[in-house]
file target_11.cif (mmCIF, C-alpha atoms)
data_query
loop_
_atom_site.label_atom_id
_atom_site.label_comp_id
_atom_site.auth_asym_id
_atom_site.auth_seq_id
_atom_site.Cartn_x
_atom_site.Cartn_y
_atom_site.Cartn_z
CA MET A 171 10.74 -5.69 12.59
CA PRO A 172 12.87 -6.28 9.46
CA THR A 173 15.94 -8.53 9.67
CA LEU A 174 18.32 -5.64 9.07
CA SER A 175 16.91 -3.62 11.97
CA ARG A 176 17.14 -6.65 14.22
CA TRP A 177 20.81 -7.09 13.31
CA MET A 178 21.56 -3.41 13.90
CA ILE A 179 19.69 -3.21 17.21
CA LYS A 180 21.24 -6.42 18.55
CA ALA A 181 24.70 -5.30 17.44
CA SER A 182 24.14 -1.91 19.11
CA MET A 183 23.32 -3.66 22.40
CA LEU A 184 26.53 -5.65 22.26
CA TYR A 185 28.47 -2.47 21.54
CA MET A 186 26.70 -0.82 24.49
CA LEU A 187 27.81 -3.63 26.79
CA VAL A 188 31.41 -3.28 25.59
CA GLY A 189 31.26 0.53 25.87
CA PHE A 190 29.78 0.46 29.38
CA THR A 191 32.30 -2.15 30.55
CA ILE A 192 35.29 -0.15 29.29
CA GLY A 193 33.75 3.01 30.77
CA ALA A 194 33.35 1.26 34.12
CA LEU A 195 36.99 0.15 34.10
CA ILE A 196 38.15 3.69 33.28
CA LEU A 197 35.96 5.10 36.07
CA ILE A 198 37.35 2.61 38.58
CA SER A 199 40.92 3.44 37.50
CA LYS A 200 40.31 7.03 38.62
CA VAL A 201 40.30 5.85 42.23
CA TYR A 202 42.69 2.94 41.75
CA PRO A 203 45.50 4.49 39.67
CA GLU A 204 47.38 1.18 39.53
CA TYR A 205 44.89 0.23 36.80
CA SER A 206 45.42 3.46 34.85
CA SER A 207 46.56 1.50 31.77
CA VAL A 208 42.85 1.09 30.89
CA TRP A 209 42.90 4.77 29.88
CA SER A 210 44.43 3.57 26.60
CA LEU A 211 40.91 2.24 25.82
CA LEU A 212 39.29 5.68 26.05
CA SER A 213 39.03 6.06 22.24
CA VAL A 214 37.52 2.57 21.96
CA HIS A 215 35.01 3.51 24.69
CA ILE A 216 33.95 6.63 22.77
CA GLU A 217 33.83 4.88 19.37
CA VAL A 218 31.71 1.90 20.46
CA SER A 219 29.43 3.96 22.72
CA ILE A 220 28.64 6.67 20.17
CA PHE A 221 28.88 4.95 16.78
CA GLY A 222 28.25 1.35 17.83
CA TRP A 223 25.53 1.95 20.41
CA ILE A 224 23.71 5.26 19.93
CA ILE A 225 24.11 5.86 16.18
CA GLN A 226 23.60 2.23 15.16
CA LEU A 227 20.49 1.88 17.36
CA THR A 228 18.93 5.05 15.93
CA MET A 229 19.69 3.97 12.36
CA GLY A 230 18.30 0.47 12.92
CA THR A 231 15.15 1.80 14.57
CA ALA A 232 14.60 4.43 11.85
CA TYR A 233 14.94 1.74 9.15
CA TRP A 234 12.17 -0.20 10.90
CA ILE A 235 9.84 2.57 12.01
CA LEU A 236 9.80 5.23 9.26
CA PRO A 237 6.87 4.91 6.81
CA ARG A 238 7.42 2.42 4.00
CA TYR A 239 6.89 3.31 0.33
CA LEU A 240 3.17 3.36 -0.39
CA LYS A 241 3.26 1.56 -3.75
CA THR A 242 5.72 -1.23 -3.07
CA LYS A 243 5.35 -1.44 0.73
CA SER A 244 9.14 -1.75 0.81
CA ARG A 245 11.88 0.05 2.73
CA GLY A 246 13.91 0.75 -0.42
CA ASN A 247 16.69 -1.26 -1.98
CA PRO A 248 17.53 -4.05 0.52
CA ARG A 249 21.02 -4.54 -0.95
CA LEU A 250 21.89 -0.91 -0.32
CA ALA A 251 20.61 -1.27 3.23
CA LEU A 252 22.80 -4.33 3.71
CA VAL A 253 25.82 -2.39 2.40
CA MET A 254 24.93 0.43 4.84
CA VAL A 255 25.08 -1.95 7.83
CA GLY A 256 28.30 -3.52 6.53
CA LEU A 257 30.02 -0.17 6.01
CA LEU A 258 29.03 1.17 9.43
CA ASN A 259 30.21 -1.88 11.33
CA LEU A 260 33.36 -2.34 9.28
CA GLY A 261 34.15 1.33 9.91
CA ILE A 262 33.67 0.94 13.66
CA LEU A 263 35.75 -2.25 13.81
CA ILE A 264 38.58 -0.73 11.73
CA ASN A 265 38.69 2.29 14.04
CA VAL A 266 38.69 0.06 17.13
CA ALA A 267 41.46 -2.10 15.65
CA SER A 268 43.44 1.05 14.94
CA TYR A 269 42.97 2.37 18.50
CA LEU A 270 44.14 -1.01 19.82
CA ASN A 271 47.23 -0.75 17.57
CA ILE A 272 46.20 -3.87 15.66
CA LEU A 273 46.04 -1.65 12.56
CA ASN A 274 48.09 1.40 11.66
CA SER A 275 46.88 4.70 13.17
CA THR A 276 46.04 6.01 9.66
CA ALA A 277 43.47 3.20 9.31
CA THR A 278 41.01 5.48 11.11
CA ILE A 279 40.80 7.49 7.86
CA ILE A 280 39.39 4.39 6.16
CA GLY A 281 37.18 3.69 9.17
CA ARG A 282 35.71 7.18 9.15
CA LEU A 283 35.27 7.07 5.34
CA LEU A 284 33.30 3.85 5.66
CA GLU A 285 31.13 5.46 8.37
CA VAL A 286 30.54 8.47 6.10
CA GLY A 287 29.54 6.04 3.33
CA ALA A 288 27.10 4.31 5.69
CA VAL A 289 25.50 7.62 6.70
CA ALA A 290 25.25 8.73 3.04
CA LEU A 291 23.46 5.47 2.21
CA PHE A 292 21.25 5.91 5.28
CA ILE A 293 20.19 9.35 4.03
CA LEU A 294 19.65 8.01 0.50
CA LEU A 295 17.47 5.17 1.81
CA HIS A 296 15.43 7.27 4.24
CA TRP A 297 15.06 10.70 2.60
CA ASN A 298 11.85 9.82 0.78
CA ARG A 299 10.51 7.83 3.71
CA ALA A 300 10.24 10.94 5.89
CA VAL A 301 6.79 11.74 4.53
CA SER A 302 3.23 12.43 5.57
CA TYR A 303 0.42 10.46 3.97
CA ASN A 304 -2.08 13.27 4.62
CA MET A 305 -3.41 14.79 1.39
CA MET B 93 2.60 5.02 27.71
CA PRO B 94 3.56 2.58 30.51
CA ARG B 95 4.72 3.98 33.85
CA ILE B 96 8.28 2.72 33.38
CA ALA B 97 8.66 4.64 30.10
CA ARG B 98 7.31 7.81 31.71
CA VAL B 99 9.72 7.48 34.62
CA PHE B 100 12.69 6.88 32.29
CA ILE B 101 11.78 9.84 30.08
CA LYS B 102 11.12 12.28 32.94
CA THR B 103 14.35 11.27 34.69
CA GLY B 104 16.14 11.69 31.37
CA LEU B 105 14.73 15.20 31.00
CA ILE B 106 16.09 16.16 34.43
CA TYR B 107 19.54 14.84 33.47
CA PHE B 108 19.28 16.74 30.17
CA LEU B 109 18.79 20.02 31.99
CA ALA B 110 21.41 19.18 34.61
CA SER B 111 23.98 18.29 31.95
CA LEU B 112 23.41 21.52 30.05
CA ILE B 113 23.73 23.53 33.27
CA LEU B 114 27.06 21.77 33.84
CA GLY B 115 28.00 22.54 30.23
CA LEU B 116 27.27 26.18 30.93
CA ALA B 117 29.25 26.11 34.18
CA ILE B 118 32.28 24.79 32.26
CA GLU B 119 32.34 28.12 30.41
CA PHE B 120 32.95 30.07 33.65
CA ASN B 121 36.17 29.50 35.57
CA TRP B 122 34.63 30.44 38.92
CA LEU B 123 31.82 27.87 38.51
CA GLN B 124 34.04 24.92 37.65
CA PHE B 125 34.83 22.06 39.98
CA PRO B 126 37.10 19.02 39.56
CA GLY B 127 35.72 16.33 37.25
CA ILE B 128 33.06 18.59 35.74
CA VAL B 129 33.88 17.76 32.10
CA PRO B 130 33.46 13.95 32.26
CA LEU B 131 30.40 14.49 34.45
CA PHE B 132 28.86 16.80 31.82
CA TRP B 133 29.43 14.28 29.01
CA HIS B 134 28.12 11.31 30.99
CA LEU B 135 25.01 13.09 32.23
CA LEU B 136 24.29 14.03 28.62
CA MET B 137 25.09 10.71 26.91
CA VAL B 138 24.03 8.26 29.65
CA GLY B 139 21.63 10.30 31.81
CA TRP B 140 19.76 11.79 28.88
CA ILE B 141 20.33 9.97 25.56
CA THR B 142 20.74 6.40 26.86
CA GLN B 143 17.97 6.90 29.40
CA ILE B 144 15.39 7.98 26.82
CA ILE B 145 16.50 5.20 24.47
CA PHE B 146 15.90 2.72 27.31
CA GLY B 147 12.50 4.24 28.17
CA VAL B 148 11.19 4.60 24.64
CA SER B 149 12.39 1.16 23.54
CA MET B 150 10.70 -0.51 26.53
CA TRP B 151 7.49 1.16 25.45
CA MET B 152 7.70 0.95 21.63
CA PHE B 153 9.41 -2.37 20.97
CA PRO B 154 7.01 -5.26 20.41
CA GLY B 155 6.12 -7.79 23.09
CA ARG B 156 5.94 -5.61 26.19
CA THR B 157 4.02 -6.75 29.24
CA ARG B 158 0.83 -4.71 29.62
CA GLU B 159 0.70 -5.45 33.32
CA GLU B 160 2.14 -2.64 35.48
CA GLY B 161 4.26 -3.15 38.57
CA PHE B 162 7.78 -3.98 39.70
CA LYS B 163 7.35 -7.75 39.50
CA ALA B 164 5.65 -7.71 36.11
CA GLN B 165 8.36 -5.50 34.61
CA LEU B 166 11.25 -6.69 36.75
CA TRP B 167 14.11 -6.31 34.24
CA GLY B 168 12.91 -2.87 33.16
CA TRP B 169 12.76 -1.55 36.71
CA LEU B 170 16.10 -3.12 37.57
CA THR B 171 17.57 -1.34 34.54
CA TYR B 172 16.18 1.96 35.84
CA ILE B 173 17.47 1.39 39.39
CA PHE B 174 20.97 0.26 38.34
CA LEU B 175 21.41 3.02 35.76
CA ASN B 176 20.33 5.83 38.04
CA MET B 177 22.04 4.50 41.13
CA GLY B 178 25.22 4.34 39.07
CA LEU B 179 24.79 7.88 37.77
CA LEU B 180 23.89 9.41 41.15
CA PHE B 181 26.82 7.74 42.90
CA ARG B 182 29.09 9.07 40.18
CA ILE B 183 27.71 12.61 40.49
CA VAL B 184 28.46 12.57 44.22
CA ALA B 185 31.67 10.58 44.33
CA GLU B 186 33.64 11.67 41.27
CA PRO B 187 34.11 15.34 42.23
CA ALA B 188 34.60 14.28 45.87
CA THR B 189 37.57 12.05 44.99
CA TYR B 190 39.47 15.14 43.78
CA VAL B 191 39.01 17.09 47.01
CA ALA B 192 38.95 14.51 49.79
CA GLU B 193 40.80 11.24 50.14
CA ALA B 194 38.34 8.82 51.69
CA GLU B 195 37.74 5.14 51.06
CA LEU B 196 34.01 5.89 50.87
CA TRP B 197 34.38 7.76 47.55
CA SER B 198 36.38 4.92 46.04
CA ILE B 199 33.73 2.43 47.11
CA LEU B 200 30.95 4.60 45.67
CA ILE B 201 32.86 4.92 42.38
CA VAL B 202 33.24 1.15 42.13
CA ILE B 203 29.54 0.63 42.93
CA SER B 204 28.66 3.28 40.34
CA ALA B 205 30.76 1.57 37.65
CA VAL B 206 29.43 -1.92 38.39
CA SER B 207 25.87 -0.63 38.67
CA GLN B 208 25.96 0.95 35.21
CA VAL B 209 27.29 -2.25 33.64
CA ALA B 210 24.54 -4.15 35.48
CA ALA B 211 22.01 -1.74 33.94
CA ALA B 212 23.33 -2.60 30.47
CA VAL B 213 23.10 -6.34 31.21
CA VAL B 214 19.52 -6.28 32.56
CA TYR B 215 18.41 -3.98 29.72
CA ILE B 216 19.71 -6.56 27.22
CA ILE B 217 17.92 -9.33 29.15
CA GLU B 218 14.66 -7.34 28.84
CA LEU B 219 14.98 -6.18 25.22
CA TRP B 220 16.87 -8.97 23.40
CA PRO B 221 13.94 -11.42 23.25
CA ARG B 222 11.68 -8.58 22.05
CA ILE B 223 13.72 -7.91 18.91
CA GLN B 224 11.66 -10.12 16.66
CA SER B 225 10.30 -10.28 13.13
CA LYS B 226 6.53 -10.25 12.59
CA GLU B 227 6.67 -13.98 11.87
CA GLN B 228 8.49 -14.70 15.14
CA ARG B 229 5.93 -12.56 17.02
CA ARG B 230 3.04 -14.44 15.43
CA LYS B 231 4.54 -17.80 16.37
CA GLN B 232 5.16 -16.62 19.95
CA ARG B 233 1.58 -15.38 20.31
CA LYS B 234 0.25 -18.65 18.92
CA LYS B 235 2.30 -20.64 21.43
CA LYS B 236 1.06 -18.41 24.25
CA ARG B 237 -2.56 -18.91 23.21
CA GLN B 238 -2.08 -22.68 22.99
CA LYS B 239 -0.56 -22.72 26.47
CA GLN B 240 -3.46 -20.71 27.86
CA LYS B 241 -5.97 -23.05 26.22
CA ALA B 242 -4.17 -26.09 27.61
CA LYS B 243 -4.32 -24.58 31.09
CA LYS B 244 -8.09 -24.09 30.83
#
call {"tool": "encode", "arguments": {"input": "target_11.cif", "output": "structure tokens"}}
result
Amino acid sequence: MPTLSRWMIKASMLYMLVGFTIGALILISKVYPEYSSVWSLLSVHIEVSIFGWIIQLTMGTAYWILPRYLKTKSRGNPRLALVMVGLLNLGILINVASYLNILNSTATIIGRLLEVGAVALFILLHWNRAVSYNM
Amino acid sequence: MPRIARVFIKTGLIYFLASLILGLAIEFNWLQFPGIVPLFWHLLMVGWITQIIFGVSMWMFPGRTREEGFKAQLWGWLTYIFLNMGLLFRIVAEPATYVAEAELWSILIVISAVSQVAAAVVYIIELWPRIQSKEQRRKQRKKKRQKQKAKK
């Protein structure tokens, strides 16, 4: 498994743990309304569970498992892949910081743009790897 | 495919169908019940998507134990039990809390919440050491072989 996939998969697991924990607190607050302030974390719960956990895990696994280029045996430009991981995680963290009011609410525009950039790079890196080697 | 992966995937398929039926029920006023929307989303994202991710990764990621059985695949089976206990308790208790005030529902909700977090923790315990490079795998295998030789 390449280093980049290992980073992405391990990061996705940490995001999952955070997402599940916040989700559990929100669920508990439904029966104990005195803890209803945790509802302010709903956007963080959705962001880390969908982008941090599910999307990041699928991207990391695809980077590892899709066929490599026949001639070079590589997975494409490693620098671009590194930028892809950076953009995705920076986007998630900016969005989370915005939801927690650490950053301005408009920061989510930057966060989403970074995520779009990461997905565009993901497509660029993987488009030609979705191939069949059958002649 | 190991038994644990098959069980995860088949359970996931049932949740997939159940979640889409709930999604359909949301469209009809007379079929709705309290708490149906969060239930729909969680059956879809946890019951289906997360469940198949868990099952497929336990099968496809390197370093799995070939031996079948609860003891041999302890963390995997605990993940399955905690995740599905959490989901089932939620399915029963969440709508019930809207219609009947009973301590039992609150207790089930708390168990459901804790159980799902426990599933995440034991899944990480199972999978984290298996996220390795080829080099790390080779070294681990070598160590294993050396240990086995030393035993003999």
call {"tool": "residues_around", "arguments": {"input": "target_11.cif", "residues": "B:Gly127", "least_positions_apart": "3", "cutoff": "9 Å", "atoms": "only C-alpha atoms", "output": "ChimeraX atom specification"}}
result
/B:124,130-132,186-188,190
call {"tool": "atom_distance", "arguments": {"input": "target_11.cif", "atom1": "atom CA of B:Trp167", "atom2": "atom CA of B:Tyr215"}}
result
6.7 Å
call {"tool": "closest_residue", "arguments": {"input": "target_11.cif", "among": "B:Arg182, B:Phe153, B:Ile199, B:Val138", "to": "A:Gly189", "atoms": "only C-alpha atoms"}}
result
B:Val138
call {"tool": "interface_residues", "arguments": {"input": "target_11.cif", "of": "chain A", "to": "chain B", "cutoff": "12 Å", "atoms": "only C-alpha atoms", "output": "PyMOL selection string"}}
result
chain A and resi 171-203+212+216+219-220+223-225+227-228+230-231+234-235
call {"tool": "resolve_selection", "arguments": {"input": "target_11.cif", "expression": "the PyMOL selection byres ((chain A and resi 287-296) around 7)", "output": "list of chain:residue names"}}
result
A:Gly246, A:Met254, A:Val255, A:Leu257, A:Leu258, A:Leu283, A:Leu284, A:Glu285, A:Val286, A:Trp297, A:Asn298, A:Arg299, A:Ala300
call {"tool": "build_atoms", "arguments": {"input": "target_11.cif", "residues": "stretch 183-199 of chain B", "atoms": "N, CA and C atoms", "output": "PDB file, in the coordinates of the input"}}
result
ATOM      1  N   ILE B 183      27.851  11.159  40.316  1.00  0.00           N
ATOM      2  CA  ILE B 183      27.710  12.610  40.490  1.00  0.00           C
ATOM      3  C   ILE B 183      28.276  13.043  41.850  1.00  0.00           C
ATOM      4  N   VAL B 184      28.003  12.227  42.870  1.00  0.00           N
ATOM      5  CA  VAL B 184      28.460  12.570  44.220  1.00  0.00           C
ATOM      6  C   VAL B 184      29.962  12.265  44.378  1.00  0.00           C
ATOM      7  N   ALA B 185      30.335  11.063  43.960  1.00  0.00           N
ATOM      8  CA  ALA B 185      31.670  10.580  44.330  1.00  0.00           C
ATOM      9  C   ALA B 185      32.792  11.107  43.439  1.00  0.00           C
ATOM     10  N   GLU B 186      32.525  11.301  42.148  1.00  0.00           N
ATOM     11  CA  GLU B 186      33.640  11.670  41.270  1.00  0.00           C
ATOM     12  C   GLU B 186      34.270  13.013  41.643  1.00  0.00           C
ATOM     13  N   PRO B 187      33.470  14.082  41.810  1.00  0.00           N
ATOM     14  CA  PRO B 187      34.110  15.340  42.230  1.00  0.00           C
ATOM     15  C   PRO B 187      34.743  15.217  43.620  1.00  0.00           C
ATOM     16  N   ALA B 188      34.103  14.424  44.492  1.00  0.00           N
ATOM     17  CA  ALA B 188      34.600  14.280  45.870  1.00  0.00           C
ATOM     18  C   ALA B 188      35.989  13.655  45.909  1.00  0.00           C
ATOM     19  N   THR B 189      36.259  12.721  44.973  1.00  0.00           N
ATOM     20  CA  THR B 189      37.570  12.050  44.990  1.00  0.00           C
ATOM     21  C   THR B 189      38.716  13.038  44.745  1.00  0.00           C
ATOM     22  N   TYR B 190      38.420  14.154  44.069  1.00  0.00           N
ATOM     23  CA  TYR B 190      39.470  15.140  43.780  1.00  0.00           C
ATOM     24  C   TYR B 190      39.791  16.004  45.005  1.00  0.00           C
ATOM     25  N   VAL B 191      38.797  16.173  45.877  1.00  0.00           N
ATOM     26  CA  VAL B 191      39.010  17.090  47.010  1.00  0.00           C
ATOM     27  C   VAL B 191      39.266  16.397  48.345  1.00  0.00           C
ATOM     28  N   ALA B 192      38.757  15.186  48.500  1.00  0.00           N
ATOM     29  CA  ALA B 192      38.950  14.510  49.790  1.00  0.00           C
ATOM     30  C   ALA B 192      39.333  13.052  49.572  1.00  0.00           C
ATOM     31  N   GLU B 193      40.373  12.635  50.253  1.00  0.00           N
ATOM     32  CA  GLU B 193      40.800  11.240  50.140  1.00  0.00           C
ATOM     33  C   GLU B 193      40.073  10.405  51.175  1.00  0.00           C
ATOM     34  N   ALA B 194      39.065   9.701  50.755  1.00  0.00           N
ATOM     35  CA  ALA B 194      38.340   8.820  51.690  1.00  0.00           C
ATOM     36  C   ALA B 194      37.964   7.556  50.952  1.00  0.00           C
ATOM     37  N   GLU B 195      38.045   6.443  51.661  1.00  0.00           N
ATOM     38  CA  GLU B 195      37.740   5.140  51.060  1.00  0.00           C
ATOM     39  C   GLU B 195      36.301   5.105  50.542  1.00  0.00           C
ATOM     40  N   LEU B 196      35.426   5.875  51.239  1.00  0.00           N
ATOM     41  CA  LEU B 196      34.010   5.890  50.870  1.00  0.00           C
ATOM     42  C   LEU B 196      33.811   6.270  49.395  1.00  0.00           C
ATOM     43  N   TRP B 197      34.547   7.306  48.939  1.00  0.00           N
ATOM     44  CA  TRP B 197      34.380   7.760  47.550  1.00  0.00           C
ATOM     45  C   TRP B 197      34.804   6.685  46.563  1.00  0.00           C
ATOM     46  N   SER B 198      35.900   5.991  46.921  1.00  0.00           N
ATOM     47  CA  SER B 198      36.380   4.920  46.040  1.00  0.00           C
ATOM     48  C   SER B 198      35.336   3.806  45.945  1.00  0.00           C
ATOM     49  N   ILE B 199      34.748   3.490  47.095  1.00  0.00           N
ATOM     50  CA  ILE B 199      33.730   2.430  47.110  1.00  0.00           C
ATOM     51  C   ILE B 199      32.522   2.847  46.264  1.00  0.00           C
TER      52      ILE B 199
END
